[in-house]
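> This structure is in structure tokens; I'll ask about it shortly.
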Amino acid sequence: MAIERTLSIIKPDATARNLTGKINTFFEDAGLRIVAQKRIRLTREQAEGFYAVHKERSFFGELCDYMCSGPVVVQVLEGENAILQNREIMGATNPANADEGTIRKAFGEDVQANSVHGSDSPENAAIEINYFFSDIEIAG
Ligand code: ADP
Ligand code: MG
């Protein structure tokens with residue numbers, strides 16, 4: 001297995017409840033390293049650009065409204081098999097279906113306000129990291 005980097009977002013429902021530190025503990029306890037992190041407020045255009053792959057889905061407009069409804073924490077996680085490992089730490093998209101011990105089981109409110117985003121493939125991880133970070137902002 002290779003050392004990978006993946007893009008993570010702590011979503012507005014979680015920042016509203018002051019859960020950044022608790023969520024970061026899940027990543028660090030699993031051996032992932034937070035090699036870049038910043039708290040930002042997405043514009044509607046930035047949210048639409050980030051989720052462009054979902055623009056044909058029924059929930060796209062609502063998803064973009066939600067993602068710019070409050071601050072988010074965007075971060076780069078690094079570690080062995082980081083992309084798949086983070087998806088496992090996050091749990092299923094719908095918190096109702098998420099396994100015990102996952103972030104979405106612990107904190108997710110519903111299928112939209114599910115506390116975290118994580119890249120789903122090496123290709124998307126590269127695109128998503130580049131969307132928010134330049135190389136000099138990432139210290140591995
Ligand atoms: P994931 O975040 O697990 O990769 P998707 O890529 O399918 O899930 O969806 C992106 C985001 O869109 C989800 O994390 C969630 O916030 C939102 N979402 C997904 N499905 C729905 C839905 N049926 N209704 C409302 N929002 C949804
Ligand atoms: Mg996804």
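By convention in this document, the chains of the structure tokens carry letters A, B, ... by their order, each chain's residues are numbered from 1, and ligands are numbered from 1 in the order they are shown.
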Taking a cut-off of 8 Å and counting only C-alpha atoms and all ligand atoms, can you build a table that, for each residue of chain A near ligand 1, reports the nearest atom pair and how far apart they are in Å (one decimal), sorted by chain then residue number, as a Markdown table?


```
| residue | atom | partner | partner_atom_place_in_ligand_line | distance |
| --- | --- | --- | --- | --- |
| A:Tyr51 | CA | ligand 1 | 10 (C) | 7.6 |
| A:His54 | CA | ligand 1 | 10 (C) | 7.4 |
| A:Ser58 | CA | ligand 1 | 24 (N) | 7.8 |
| A:Phe59 | CA | ligand 1 | 25 (C) | 5.1 |
| A:Phe60 | CA | ligand 1 | 12 (O) | 7.4 |
| A:Glu62 | CA | ligand 1 | 25 (C) | 7.2 |
| A:Leu63 | CA | ligand 1 | 26 (N) | 5.8 |
| A:Arg87 | CA | ligand 1 | 3 (O) | 7.8 |
| A:Gly91 | CA | ligand 1 | 3 (O) | 7.8 |
| A:Ala92 | CA | ligand 1 | 3 (O) | 6.0 |
| A:Thr93 | CA | ligand 1 | 3 (O) | 3.8 |
| A:Asn94 | CA | ligand 1 | 20 (N) | 7.4 |
| A:Val111 | CA | ligand 1 | 27 (C) | 5.3 |
| A:Gln112 | CA | ligand 1 | 16 (O) | 3.7 |
| A:Ala113 | CA | ligand 1 | 16 (O) | 5.6 |
| A:Asn114 | CA | ligand 1 | 16 (O) | 5.8 |
| A:Ser115 | CA | ligand 1 | 16 (O) | 7.9 |
| A:Val116 | CA | ligand 1 | 14 (O) | 7.0 |
| A:His117 | CA | ligand 1 | 2 (O) | 5.1 |
| A:Gly118 | CA | ligand 1 | 4 (O) | 6.5 |
| A:Ser119 | CA | ligand 1 | 4 (O) | 7.1 |
| A:Asp120 | CA | ligand 1 | 4 (O) | 6.4 |
```

> Skip segment 5-17 of chain A itself and residues of its chain fewer than 5 positions away, then list as a PyMOL selection string all residues within 8 Å of it, counting only C-alpha atoms.

chain A and resi 23+66-79+82-83+86+107+109+113-119+122+125-126+128-129

> With only C-alpha atoms and all ligand atoms as the basis for distance, which of A:Ile89, A:Val53, A:Ala106, A:Ile136 is at the shortest distance from ligand 2?

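That would be A:Val53, the residue with the smallest distance to ligand 2.
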
> Quick one: pick out all strand (DSSP E) residues within segment 49-127 of chain A from a backbone DSSP run and write them as a list of chain:residue names.

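Secondary structure check on segment 49-127 of chain A, strand (DSSP E): A:Val72, A:Val73, A:Val74, A:Gln75, A:Val76, A:Leu77, A:Glu78, A:Gly79, A:Glu80, A:Val116, A:His117, A:Gly118.
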
> Suppose you want the space between atom CA of Asn81 of chain A and atom CA of Arg57 of chain A; what is it in Å?

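About the pair atom CA of Asn81 of chain A and atom CA of Arg57 of chain A: they are 29.0 Å apart.
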
> So the first atom is atom CA of Asp110 of chain A and the second is atom CA of Pro95 of chain A; what is the distance between them in Å, to one decimal place?

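Value for the atom CA of Asp110 of chain A-atom CA of Pro95 of chain A distance: 6.0 Å.
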